[in-house]
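Structure file work.txt with compact mmCIF, C-alpha atoms and all ligand atoms:
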# COMPACT_ATOMS: atom_id res chain seq x y z
CA MET A 6 90.98 -6.00 48.15
CA ASN A 7 92.20 -9.21 46.63
CA GLN A 8 93.02 -10.01 42.98
CA LYS A 9 89.85 -12.06 42.50
CA GLN A 10 87.68 -9.12 43.58
CA LYS A 11 89.52 -6.79 41.21
CA LYS A 12 89.06 -9.27 38.37
CA ASP A 13 85.34 -9.62 39.17
CA ILE A 14 84.88 -5.86 39.01
CA ARG A 15 86.81 -5.61 35.75
CA ASN A 16 84.60 -8.31 34.24
CA MET A 17 81.27 -7.05 35.50
CA LEU A 18 81.51 -3.40 34.39
CA THR A 19 82.24 -1.49 31.21
CA SER A 20 82.77 1.77 33.16
CA GLU A 21 86.17 3.46 33.30
CA MET A 22 88.20 2.02 36.17
CA THR A 23 91.78 1.85 37.39
CA PHE A 24 93.58 -0.24 39.97
CA GLY A 25 96.23 1.26 42.21
CA GLU A 26 95.22 4.73 41.01
CA PRO A 27 97.13 7.50 42.85
CA LEU A 28 94.44 9.56 44.55
CA ALA A 29 96.82 12.53 44.43
CA LYS A 30 95.61 12.84 40.84
CA HIS A 31 92.03 13.27 42.05
CA THR A 32 92.42 15.74 44.91
CA THR A 33 92.98 19.50 44.75
CA PHE A 34 95.69 19.03 47.40
CA GLY A 35 97.58 16.82 44.94
CA ILE A 36 98.16 14.46 47.86
CA GLY A 37 97.07 10.87 48.49
CA GLY A 38 98.21 7.30 47.98
CA PRO A 39 96.64 4.69 45.71
CA ALA A 40 93.05 3.47 45.67
CA ALA A 41 92.90 -0.32 45.33
CA CYS A 42 90.17 0.33 42.78
CA MET A 43 88.76 3.57 41.40
CA VAL A 44 85.60 3.55 39.30
CA PHE A 45 83.87 6.29 37.32
CA PRO A 46 80.46 4.64 36.78
CA GLU A 47 78.97 5.38 33.38
CA SER A 48 75.36 4.73 34.41
CA ARG A 49 73.07 4.09 37.38
CA GLU A 50 72.89 0.42 36.41
CA GLU A 51 76.68 0.04 36.53
CA LEU A 52 76.81 1.93 39.83
CA SER A 53 74.13 -0.33 41.30
CA THR A 54 75.98 -3.48 40.15
CA LEU A 55 79.20 -2.20 41.70
CA LEU A 56 77.67 -1.18 45.03
CA THR A 57 75.76 -4.44 45.36
CA TYR A 58 78.93 -6.44 44.69
CA ALA A 59 80.94 -4.34 47.17
CA SER A 60 78.41 -4.80 49.95
CA GLU A 61 78.04 -8.54 49.30
CA LYS A 62 81.80 -8.98 49.48
CA ASN A 63 82.23 -6.56 52.37
CA ILE A 64 84.55 -4.28 50.40
CA SER A 65 84.69 -0.69 51.65
CA ALA A 66 83.43 1.84 49.14
CA ILE A 67 83.79 5.59 49.46
CA PHE A 68 82.54 8.44 47.31
CA ILE A 69 84.39 11.49 46.14
CA GLY A 70 83.38 14.29 43.82
CA SER A 71 86.39 16.21 42.60
CA GLY A 72 88.38 15.80 45.83
CA SER A 73 88.47 19.48 46.78
CA ASN A 74 87.61 18.97 50.43
CA VAL A 75 89.50 15.79 51.27
CA LEU A 76 92.88 14.75 52.64
CA VAL A 77 93.82 11.22 51.56
CA CYS A 78 96.36 9.18 53.54
CA ASP A 79 99.76 8.54 51.92
CA LYS A 80 99.04 4.80 52.10
CA GLY A 81 95.88 5.34 50.06
CA PHE A 82 92.62 3.47 50.42
CA ASP A 83 92.21 -0.30 50.28
CA GLY A 84 88.73 -0.36 48.78
CA ILE A 85 86.69 1.14 45.98
CA VAL A 86 86.70 4.87 45.37
CA ILE A 87 83.70 5.95 43.31
CA SER A 88 83.42 9.30 41.57
CA LEU A 89 80.52 10.45 39.42
CA LYS A 90 82.47 13.40 38.02
CA LYS A 91 82.94 11.88 34.55
CA SER A 92 79.48 10.63 33.59
CA PHE A 93 76.75 12.05 35.79
CA LYS A 94 76.84 15.36 33.93
CA ASN A 95 73.25 16.20 32.94
CA ILE A 96 71.87 19.57 33.82
CA SER A 97 68.56 21.09 32.88
CA ILE A 98 67.24 24.53 33.73
CA LYS A 99 63.47 24.87 33.58
CA LYS A 100 61.45 27.95 32.65
CA ASN A 101 60.27 28.28 36.26
CA SER A 102 63.95 28.55 37.36
CA MET A 103 64.13 24.98 38.73
CA ILE A 104 67.51 23.36 38.14
CA ILE A 105 67.72 19.59 37.85
CA VAL A 106 71.32 18.50 37.95
CA GLU A 107 73.33 15.30 38.28
CA ALA A 108 75.88 15.01 41.05
CA GLY A 109 78.93 14.90 38.76
CA VAL A 110 78.32 18.36 37.24
CA MET A 111 80.87 20.89 38.43
CA LEU A 112 79.33 23.47 40.74
CA GLY A 113 80.90 26.25 38.64
CA THR A 114 79.12 24.94 35.53
CA MET A 115 75.77 25.01 37.31
CA VAL A 116 76.41 28.51 38.65
CA LYS A 117 77.40 29.82 35.21
CA GLN A 118 74.38 28.25 33.51
CA ALA A 119 72.08 29.66 36.20
CA MET A 120 73.60 33.10 35.70
CA ALA A 121 73.13 32.85 31.94
CA ALA A 122 69.44 32.08 32.59
CA GLU A 123 69.28 35.18 34.84
CA ILE A 124 68.72 33.09 37.94
CA GLY A 125 69.91 34.89 41.04
CA GLY A 126 71.46 33.68 44.29
CA LEU A 127 73.94 31.03 43.24
CA GLU A 128 76.51 33.49 41.84
CA SER A 129 78.16 33.98 45.26
CA LEU A 130 79.29 30.34 44.98
CA ILE A 131 81.36 31.09 41.89
CA GLY A 132 84.90 29.86 42.46
CA VAL A 133 83.99 27.14 44.99
CA PRO A 134 85.68 24.11 43.42
CA GLY A 135 84.03 20.71 43.27
CA THR A 136 80.97 18.90 42.02
CA VAL A 137 77.32 19.55 42.82
CA GLY A 138 77.30 16.25 44.78
CA GLY A 139 80.19 17.32 46.99
CA ALA A 140 78.71 20.81 47.40
CA LEU A 141 75.39 19.48 48.64
CA ILE A 142 76.93 16.92 51.00
CA MET A 143 79.19 19.67 52.43
CA ASN A 144 76.52 22.38 52.21
CA ALA A 145 79.07 24.53 50.42
CA GLY A 146 78.74 28.23 50.98
CA ALA A 147 80.47 31.52 50.35
CA PHE A 148 79.89 35.23 50.66
CA GLY A 149 76.59 34.87 52.48
CA SER A 150 75.04 32.14 50.33
CA GLU A 151 74.75 28.40 50.91
CA ILE A 152 73.71 25.79 48.37
CA SER A 153 71.11 24.34 50.76
CA LYS A 154 69.11 27.57 50.51
CA TYR A 155 67.87 26.43 47.09
CA PHE A 156 67.66 22.68 47.75
CA GLU A 157 64.35 21.07 46.86
CA GLU A 158 64.96 17.32 46.49
CA ALA A 159 67.63 14.74 45.76
CA LYS A 160 68.07 11.10 44.84
CA THR A 161 70.67 8.80 46.32
CA MET A 162 71.65 5.18 45.82
CA THR A 163 72.10 2.86 48.79
CA LEU A 164 74.85 0.26 49.12
CA GLU A 165 72.25 -2.32 48.10
CA GLY A 166 71.81 -0.46 44.81
CA ASN A 167 68.36 0.97 45.62
CA ILE A 168 67.36 4.52 44.76
CA LYS A 169 66.00 6.75 47.53
CA SER A 170 64.50 10.24 47.35
CA TYR A 171 64.78 13.01 49.91
CA THR A 172 62.76 16.20 49.93
CA ARG A 173 63.65 19.49 51.52
CA GLY A 174 62.19 18.79 54.98
CA GLU A 175 63.93 15.41 55.24
CA ILE A 176 67.49 16.71 55.20
CA GLU A 177 68.91 19.09 57.76
CA PHE A 178 71.63 21.46 56.70
CA SER A 179 73.97 23.43 58.89
CA TYR A 180 77.32 25.13 58.41
CA ARG A 181 79.35 22.83 56.09
CA HIS A 182 77.18 19.87 57.03
CA SER A 183 74.17 17.95 55.76
CA THR A 184 72.40 14.88 57.11
CA PHE A 185 72.45 12.80 53.91
CA PRO A 186 73.33 9.26 55.09
CA ASN A 187 77.06 8.82 54.52
CA ASN A 188 76.59 5.29 53.16
CA GLU A 189 74.50 6.54 50.23
CA ILE A 190 75.79 8.15 47.06
CA LEU A 191 74.07 11.28 45.89
CA LEU A 192 72.93 10.94 42.27
CA ASP A 193 71.10 14.15 41.45
CA ALA A 194 69.40 17.15 42.96
CA THR A 195 66.74 19.70 42.19
CA PHE A 196 67.19 23.33 43.17
CA LYS A 197 64.33 25.80 43.30
CA CYS A 198 65.66 29.19 42.35
CA LYS A 199 64.25 32.55 41.32
CA LYS A 200 64.98 35.03 38.60
CA GLY A 201 67.39 37.73 39.69
CA LYS A 202 68.26 41.19 38.49
CA PRO A 203 71.14 40.91 36.00
CA HIS A 204 73.12 43.85 37.46
CA GLN A 205 72.74 42.41 41.00
CA ILE A 206 73.88 38.96 39.82
CA LEU A 207 76.97 40.45 38.19
CA GLN A 208 77.73 42.57 41.23
CA ASP A 209 77.46 39.60 43.63
CA ARG A 210 79.60 37.50 41.35
CA LYS A 211 82.28 40.19 41.28
CA ILE A 212 82.26 40.50 45.08
CA ALA A 213 82.75 36.73 45.35
CA SER A 214 85.50 36.51 42.70
CA ASP A 215 87.41 39.52 44.01
CA GLY A 216 87.06 38.36 47.61
CA ARG A 217 88.45 34.93 46.74
CA LYS A 218 91.42 36.38 44.87
CA SER A 219 92.34 38.74 47.67
CA ASN A 220 91.85 36.32 50.62
CA GLN A 221 92.80 32.88 49.38
CA PRO A 222 96.23 31.47 48.47
CA LEU A 223 95.06 30.31 45.06
CA LYS A 224 98.61 29.93 43.67
CA PHE A 225 99.13 26.77 45.69
CA ARG A 226 97.23 23.52 45.88
CA SER A 227 95.02 23.12 48.94
CA ALA A 228 91.67 21.77 50.11
CA GLY A 229 90.29 25.19 51.00
CA SER A 230 89.55 25.86 54.66
CA ILE A 231 90.92 23.11 56.87
CA PHE A 232 88.80 23.89 59.94
CA LYS A 233 85.25 25.16 60.38
CA ASN A 234 84.96 28.62 61.84
CA PRO A 235 83.97 28.28 65.52
CA SER A 236 81.21 30.89 65.02
CA ASP A 237 79.95 33.51 62.58
CA THR A 238 82.12 36.12 64.26
CA LEU A 239 85.20 34.03 65.04
CA ALA A 240 87.27 32.73 62.14
CA ALA A 241 89.51 29.67 62.49
CA GLY A 242 92.12 31.50 60.38
CA TYR A 243 92.20 34.39 62.87
CA LEU A 244 92.81 32.00 65.79
CA ILE A 245 95.57 30.10 63.97
CA ASP A 246 97.19 33.39 62.99
CA LYS A 247 97.01 34.76 66.56
CA ALA A 248 98.47 31.48 67.81
CA GLY A 249 101.54 32.49 65.80
CA LEU A 250 101.40 29.74 63.22
CA LYS A 251 101.15 31.59 59.89
CA GLY A 252 103.90 30.36 57.59
CA THR A 253 104.75 27.32 59.75
CA LYS A 254 106.11 24.53 57.54
CA LYS A 255 106.34 20.78 57.78
CA GLY A 256 107.98 18.97 54.87
CA GLY A 257 106.39 20.36 51.71
CA ALA A 258 103.29 21.71 53.48
CA ALA A 259 102.77 25.10 55.09
CA ILE A 260 100.13 27.04 56.97
CA SER A 261 99.45 29.72 54.40
CA GLU A 262 100.89 33.20 55.00
CA LYS A 263 97.87 34.61 53.16
CA HIS A 264 95.07 32.73 54.97
CA ALA A 265 95.98 30.79 58.10
CA ASN A 266 93.05 28.39 57.73
CA PHE A 267 94.55 27.10 54.48
CA ILE A 268 97.30 24.51 54.50
CA VAL A 269 99.07 24.63 51.17
CA ASN A 270 101.03 22.02 49.26
CA MET A 271 104.14 24.02 48.39
CA ASP A 272 106.48 21.25 47.38
CA ASN A 273 105.45 17.59 47.19
CA ALA A 274 103.80 17.64 50.59
CA THR A 275 102.64 14.36 52.07
CA ALA A 276 99.40 13.72 53.92
CA ALA A 277 101.54 13.15 57.03
CA ASP A 278 102.98 16.68 56.63
CA VAL A 279 99.48 18.16 56.42
CA LEU A 280 98.23 16.08 59.34
CA HIS A 281 101.16 17.28 61.43
CA LEU A 282 100.17 20.92 60.77
CA ILE A 283 96.51 20.14 61.51
CA LYS A 284 97.46 18.69 64.89
CA LEU A 285 99.79 21.61 65.58
CA ALA A 286 97.09 24.19 64.82
CA LYS A 287 94.60 22.38 67.04
CA LYS A 288 97.12 22.15 69.88
CA TYR A 289 98.15 25.81 69.77
CA VAL A 290 94.60 27.12 69.44
CA ILE A 291 93.39 25.02 72.39
CA LYS A 292 96.34 26.18 74.46
CA LYS A 293 95.92 29.88 73.68
CA PHE A 294 92.13 30.22 73.36
CA ASN A 295 90.71 27.00 74.83
CA ILE A 296 88.85 26.43 71.54
CA ASN A 297 88.85 22.98 69.97
CA LEU A 298 88.85 23.54 66.19
CA GLU A 299 86.66 21.16 64.21
CA LEU A 300 87.91 19.79 60.90
CA GLU A 301 86.03 20.83 57.78
CA VAL A 302 88.18 18.71 55.49
CA LYS A 303 87.29 15.00 55.35
CA LEU A 304 90.04 12.48 56.05
CA ILE A 305 90.22 9.36 53.90
CA GLY A 306 92.16 6.18 54.55
CA PHE A 307 93.95 7.16 57.78
CA PRO A 308 94.28 4.52 60.49
CA GLN A 309 92.70 5.60 63.78
CA SER A 310 96.11 5.64 65.42
CA MET A 311 97.12 8.60 63.20
CA THR A 312 94.03 10.70 63.72
CA GLN A 313 93.57 10.53 67.46
CA GLY A 314 92.59 13.94 68.77
CA VAL A 315 91.97 15.30 65.27
CA TYR A 316 88.24 14.71 65.19
CA TYR A 317 86.17 16.95 67.39
CA ALA A 318 83.07 15.71 69.26
C1 LIG B 401 90.76 26.71 46.82
C2 LIG B 401 89.52 26.17 47.50
C3 LIG B 401 88.54 27.03 47.93
C4 LIG B 401 87.39 26.55 48.56
N1 LIG B 401 86.44 27.45 48.94
C5 LIG B 401 85.30 26.98 49.51
C6 LIG B 401 84.26 27.91 49.89
O1 LIG B 401 84.35 29.11 49.68
N2 LIG B 401 83.14 27.38 50.45
C7 LIG B 401 82.98 26.04 50.70
O2 LIG B 401 81.92 25.63 51.19
N3 LIG B 401 83.96 25.16 50.35
C8 LIG B 401 85.10 25.59 49.77
N4 LIG B 401 86.08 24.70 49.43
C9 LIG B 401 85.91 23.27 49.73
C10 LIG B 401 85.28 22.45 48.59
O3 LIG B 401 85.41 23.12 47.37
C11 LIG B 401 83.79 22.16 48.84
O4 LIG B 401 83.61 21.46 50.05
C12 LIG B 401 83.19 21.33 47.69
O5 LIG B 401 81.80 21.47 47.75
C13 LIG B 401 83.58 19.86 47.69
O6 LIG B 401 83.12 19.28 46.46
P1 LIG B 401 83.87 18.00 45.85
O7 LIG B 401 83.06 17.52 44.70
O8 LIG B 401 85.28 18.31 45.55
O9 LIG B 401 83.74 16.98 47.05
P2 LIG B 401 84.87 16.03 47.65
O10 LIG B 401 85.94 16.87 48.27
O11 LIG B 401 85.28 15.04 46.65
O12 LIG B 401 84.04 15.32 48.80
C14 LIG B 401 83.60 16.05 49.92
C15 LIG B 401 82.66 15.16 50.75
O13 LIG B 401 81.48 14.90 49.98
C16 LIG B 401 81.31 13.50 49.78
N5 LIG B 401 80.78 13.32 48.42
C17 LIG B 401 81.23 13.90 47.28
N6 LIG B 401 80.43 13.56 46.24
C18 LIG B 401 79.49 12.74 46.75
C19 LIG B 401 78.36 12.06 46.18
N7 LIG B 401 78.04 12.13 44.89
N8 LIG B 401 77.59 11.31 47.01
C20 LIG B 401 77.89 11.19 48.32
N9 LIG B 401 78.93 11.80 48.90
C21 LIG B 401 79.71 12.57 48.13
C22 LIG B 401 82.67 12.87 50.00
O14 LIG B 401 82.54 11.54 50.45
C23 LIG B 401 83.26 13.80 51.07
O15 LIG B 401 82.78 13.42 52.34
C24 LIG B 401 87.23 25.16 48.79
C25 LIG B 401 88.23 24.28 48.33
C26 LIG B 401 89.36 24.76 47.70
C27 LIG B 401 90.40 23.80 47.21
Spit out the file's structure as structure tokens when you get a sec.
Ligand SMILES: Cc1cc2nc3c(=O)[nH]c(=O)nc-3n(C[C@H](O)[C@H](O)[C@H](O)COP(=O)(O)OP(=O)(O)OC[C@H]3O[C@@H](n4cnc5c(N)ncnc54)[C@H](O)[C@@H]3O)c2cc1C
Amino acid sequence: MNQKQKKDIRNMLTSEMTFGEPLAKHTTFGIGGPAACMVFPESREELSTLLTYASEKNISAIFIGSGSNVLVCDKGFDGIVISLKKSFKNISIKKNSMIIVEAGVMLGTMVKQAMAAEIGGLESLIGVPGTVGGALIMNAGAFGSEISKYFEEAKTMTLEGNIKSYTRGEIEFSYRHSTFPNNEILLDATFKCKKGKPHQILQDRKIASDGRKSNQPLKFRSAGSIFKNPSDTLAAGYLIDKAGLKGTKKGGAAISEKHANFIVNMDNATAADVLHLIKLAKKYVIKKFNINLELEVKLIGFPQSMTQGVYYA
């Protein structure tokens, strides 16, 4: 991005924005170089103005929620990073257990409010970091539940600044994947839920919280599971462990001793450190089991030359 473009954006919006913002501050990994421009739009109008300008000027724009499933390159991203996590925070729970929620609301907030309204089903997602927007795009899931199970409809904004609506049948969801177009930003969603039994809700929540504490290396920064599990009965962490890689370090990053599908930032790790371990895990697992692990984490800002062989299919 050039100086003129930055100046234009500064002049056209009143939203919070920063230039050269270290994305490490906006990812759970605590890793990532600067974004040429980062904007937290304060309204749909401002978002529309920004997206229209970016597409007219051919400036790349990407969306993040709270950065809990991304690895950002050390060189950063030479474009506009847009996050709704500061302003798109409305949530409303209806008497019929419908939840209408903006994309910037934290998933944990929605889960807690649903539980308080004695709505059942979402409590297994307690502890999954991130925003509702990120959760829906990723089809976040845990302990037998997936957010898509309750999805009813959603609104997005296109790069031309137009609003589009999608209903349940129009979006396909699969394991950690949805078919929302990746050049549209998710604005809000409606979830159709049901009342649950309070003791069951509390029990499911406890199973999820306890399970997370005992299985995940929560003392260190990470982006959760790096790879998707190859199947329901075959965990990526098991394969990486059996390939002998638990505890392997590169720079400040390590394949977690506690959960081999987590790469943890132990001491000022760089994205290059993490990418090295990703490539290593893929290489060893292919060699030992002939299984090509697929990334769950989304890579941002990496040149193609660095990620060859990392993407599957
Ligand atoms: C400790 C830890 C534990 C985790 N445990 C789980 C788990 O149990 N289950 C699970 O499913 N995940 C888990 N994750 C991964 C992560 O929490 C989820 O994927 C989460 O839903 C991502 O939300 P986010 O807002 O941080 O999205 P981000 O990481 O910011 O973005 C993820 C993707 O969504 C896109 N995106 C985000 N917001 C929008 C938007 N408004 N419009 C369009 N695109 C958007 C981004 O472009 C990116 O492609 C874990 C992560 C950590 C760090």
Go through chain A residue by residue and, counting all atoms listed in the file, keep those with an atom at most 6 Å from ligand LIG 401 (chain B); for each kept residue give the shortest atom pair and its distance in Å to one decimal, ordered by chain and increasing number, as JSON lines.
{"residue": "A:Thr33", "atom": "CA", "partner": "B:LIG401", "partner_atom": "C27", "distance": 5.6}
{"residue": "A:Phe68", "atom": "CA", "partner": "B:LIG401", "partner_atom": "O14", "distance": 4.4}
{"residue": "A:Ile69", "atom": "CA", "partner": "B:LIG401", "partner_atom": "O11", "distance": 3.7}
{"residue": "A:Gly70", "atom": "CA", "partner": "B:LIG401", "partner_atom": "O7", "distance": 3.4}
{"residue": "A:Ser71", "atom": "CA", "partner": "B:LIG401", "partner_atom": "O8", "distance": 3.8}
{"residue": "A:Gly72", "atom": "CA", "partner": "B:LIG401", "partner_atom": "O11", "distance": 3.3}
{"residue": "A:Ser73", "atom": "CA", "partner": "B:LIG401", "partner_atom": "O8", "distance": 3.6}
{"residue": "A:Asn74", "atom": "CA", "partner": "B:LIG401", "partner_atom": "O10", "distance": 3.4}
{"residue": "A:Val75", "atom": "CA", "partner": "B:LIG401", "partner_atom": "O10", "distance": 4.8}
{"residue": "A:Ala108", "atom": "CA", "partner": "B:LIG401", "partner_atom": "N7", "distance": 5.3}
{"residue": "A:Val133", "atom": "CA", "partner": "B:LIG401", "partner_atom": "N1", "distance": 4.7}
{"residue": "A:Pro134", "atom": "CA", "partner": "B:LIG401", "partner_atom": "O3", "distance": 4.1}
{"residue": "A:Gly135", "atom": "CA", "partner": "B:LIG401", "partner_atom": "O8", "distance": 3.5}
{"residue": "A:Thr136", "atom": "CA", "partner": "B:LIG401", "partner_atom": "O7", "distance": 3.7}
{"residue": "A:Gly138", "atom": "CA", "partner": "B:LIG401", "partner_atom": "N7", "distance": 4.2}
{"residue": "A:Gly139", "atom": "CA", "partner": "B:LIG401", "partner_atom": "O6", "distance": 3.6}
{"residue": "A:Ala140", "atom": "CA", "partner": "B:LIG401", "partner_atom": "O5", "distance": 3.2}
{"residue": "A:Ile142", "atom": "CA", "partner": "B:LIG401", "partner_atom": "O13", "distance": 5.1}
{"residue": "A:Met143", "atom": "CA", "partner": "B:LIG401", "partner_atom": "O4", "distance": 5.3}
{"residue": "A:Ala145", "atom": "CA", "partner": "B:LIG401", "partner_atom": "O2", "distance": 3.2}
{"residue": "A:Gly146", "atom": "CA", "partner": "B:LIG401", "partner_atom": "O2", "distance": 4.1}
{"residue": "A:Ala147", "atom": "CA", "partner": "B:LIG401", "partner_atom": "O1", "distance": 4.6}
{"residue": "A:Ile190", "atom": "CA", "partner": "B:LIG401", "partner_atom": "N8", "distance": 3.6}
{"residue": "A:Leu191", "atom": "CA", "partner": "B:LIG401", "partner_atom": "N8", "distance": 3.7}
{"residue": "A:Leu192", "atom": "CA", "partner": "B:LIG401", "partner_atom": "N7", "distance": 5.9}
{"residue": "A:Leu223", "atom": "CA", "partner": "B:LIG401", "partner_atom": "C1", "distance": 5.9}
{"residue": "A:Ser227", "atom": "CA", "partner": "B:LIG401", "partner_atom": "C27", "distance": 5.0}
{"residue": "A:Ala228", "atom": "CA", "partner": "B:LIG401", "partner_atom": "C27", "distance": 3.8}
{"residue": "A:Gly229", "atom": "CA", "partner": "B:LIG401", "partner_atom": "C26", "distance": 3.5}
{"residue": "A:Lys303", "atom": "CA", "partner": "B:LIG401", "partner_atom": "O15", "distance": 5.6}
Next, write the just-selected residues to a file, as a PDB file, in the frame of the given file, keeping C-alpha atoms as the atom set.
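Below is the file result03.pdb, written as the result:
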ATOM      1  CA  THR A  33      92.980  19.500  44.750  1.00  0.00           C
ATOM      2  CA  PHE A  68      82.540   8.440  47.310  1.00  0.00           C
ATOM      3  CA  ILE A  69      84.390  11.490  46.140  1.00  0.00           C
ATOM      4  CA  GLY A  70      83.380  14.290  43.820  1.00  0.00           C
ATOM      5  CA  SER A  71      86.390  16.210  42.600  1.00  0.00           C
ATOM      6  CA  GLY A  72      88.380  15.800  45.830  1.00  0.00           C
ATOM      7  CA  SER A  73      88.470  19.480  46.780  1.00  0.00           C
ATOM      8  CA  ASN A  74      87.610  18.970  50.430  1.00  0.00           C
ATOM      9  CA  VAL A  75      89.500  15.790  51.270  1.00  0.00           C
ATOM     10  CA  ALA A 108      75.880  15.010  41.050  1.00  0.00           C
ATOM     11  CA  VAL A 133      83.990  27.140  44.990  1.00  0.00           C
ATOM     12  CA  PRO A 134      85.680  24.110  43.420  1.00  0.00           C
ATOM     13  CA  GLY A 135      84.030  20.710  43.270  1.00  0.00           C
ATOM     14  CA  THR A 136      80.970  18.900  42.020  1.00  0.00           C
ATOM     15  CA  GLY A 138      77.300  16.250  44.780  1.00  0.00           C
ATOM     16  CA  GLY A 139      80.190  17.320  46.990  1.00  0.00           C
ATOM     17  CA  ALA A 140      78.710  20.810  47.400  1.00  0.00           C
ATOM     18  CA  ILE A 142      76.930  16.920  51.000  1.00  0.00           C
ATOM     19  CA  MET A 143      79.190  19.670  52.430  1.00  0.00           C
ATOM     20  CA  ALA A 145      79.070  24.530  50.420  1.00  0.00           C
ATOM     21  CA  GLY A 146      78.740  28.230  50.980  1.00  0.00           C
ATOM     22  CA  ALA A 147      80.470  31.520  50.350  1.00  0.00           C
ATOM     23  CA  ILE A 190      75.790   8.150  47.060  1.00  0.00           C
ATOM     24  CA  LEU A 191      74.070  11.280  45.890  1.00  0.00           C
ATOM     25  CA  LEU A 192      72.930  10.940  42.270  1.00  0.00           C
ATOM     26  CA  LEU A 223      95.060  30.310  45.060  1.00  0.00           C
ATOM     27  CA  SER A 227      95.020  23.120  48.940  1.00  0.00           C
ATOM     28  CA  ALA A 228      91.670  21.770  50.110  1.00  0.00           C
ATOM     29  CA  GLY A 229      90.290  25.190  51.000  1.00  0.00           C
ATOM     30  CA  LYS A 303      87.290  15.000  55.350  1.00  0.00           C
TER      31      LYS A 303
END
Inset, instruction - Fewer than 3 positions away in the same chain doesn't count, so skip those; otherwise give me all residues within 9 Å of Val137 in chain A, counting only C-alpha atoms, as a ChimeraX atom specification. - result: /A:70,106-113,115,140-142,193-194
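Between CA of Asp83 in chain A and CA of Gly37 in chain A there is a distance of 12.3 Å.
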Legend entry - CA of Glu123 in chain A to CA of Ile206 in chain A, straight-line distance in Å: 7.8 Å
Inset, instruction - Go through A:Ile87, A:Asp79, A:Ile212, A:Gln309 one by one, measure the shortest atom-to-atom distance of each to Gly132 in chain A using only C-alpha atoms, and give the residue with the smallest value. - result: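 Nearest candidate to Gly132 in chain A out of A:Ile87, A:Asp79, A:Ile212, A:Gln309: A:Ile212.
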Legend entry - Nearest candidate to Tyr243 in chain A (options A:His31, A:Lys154, A:Lys12, A:Lys263; using all atoms listed in the file): A:Lys263
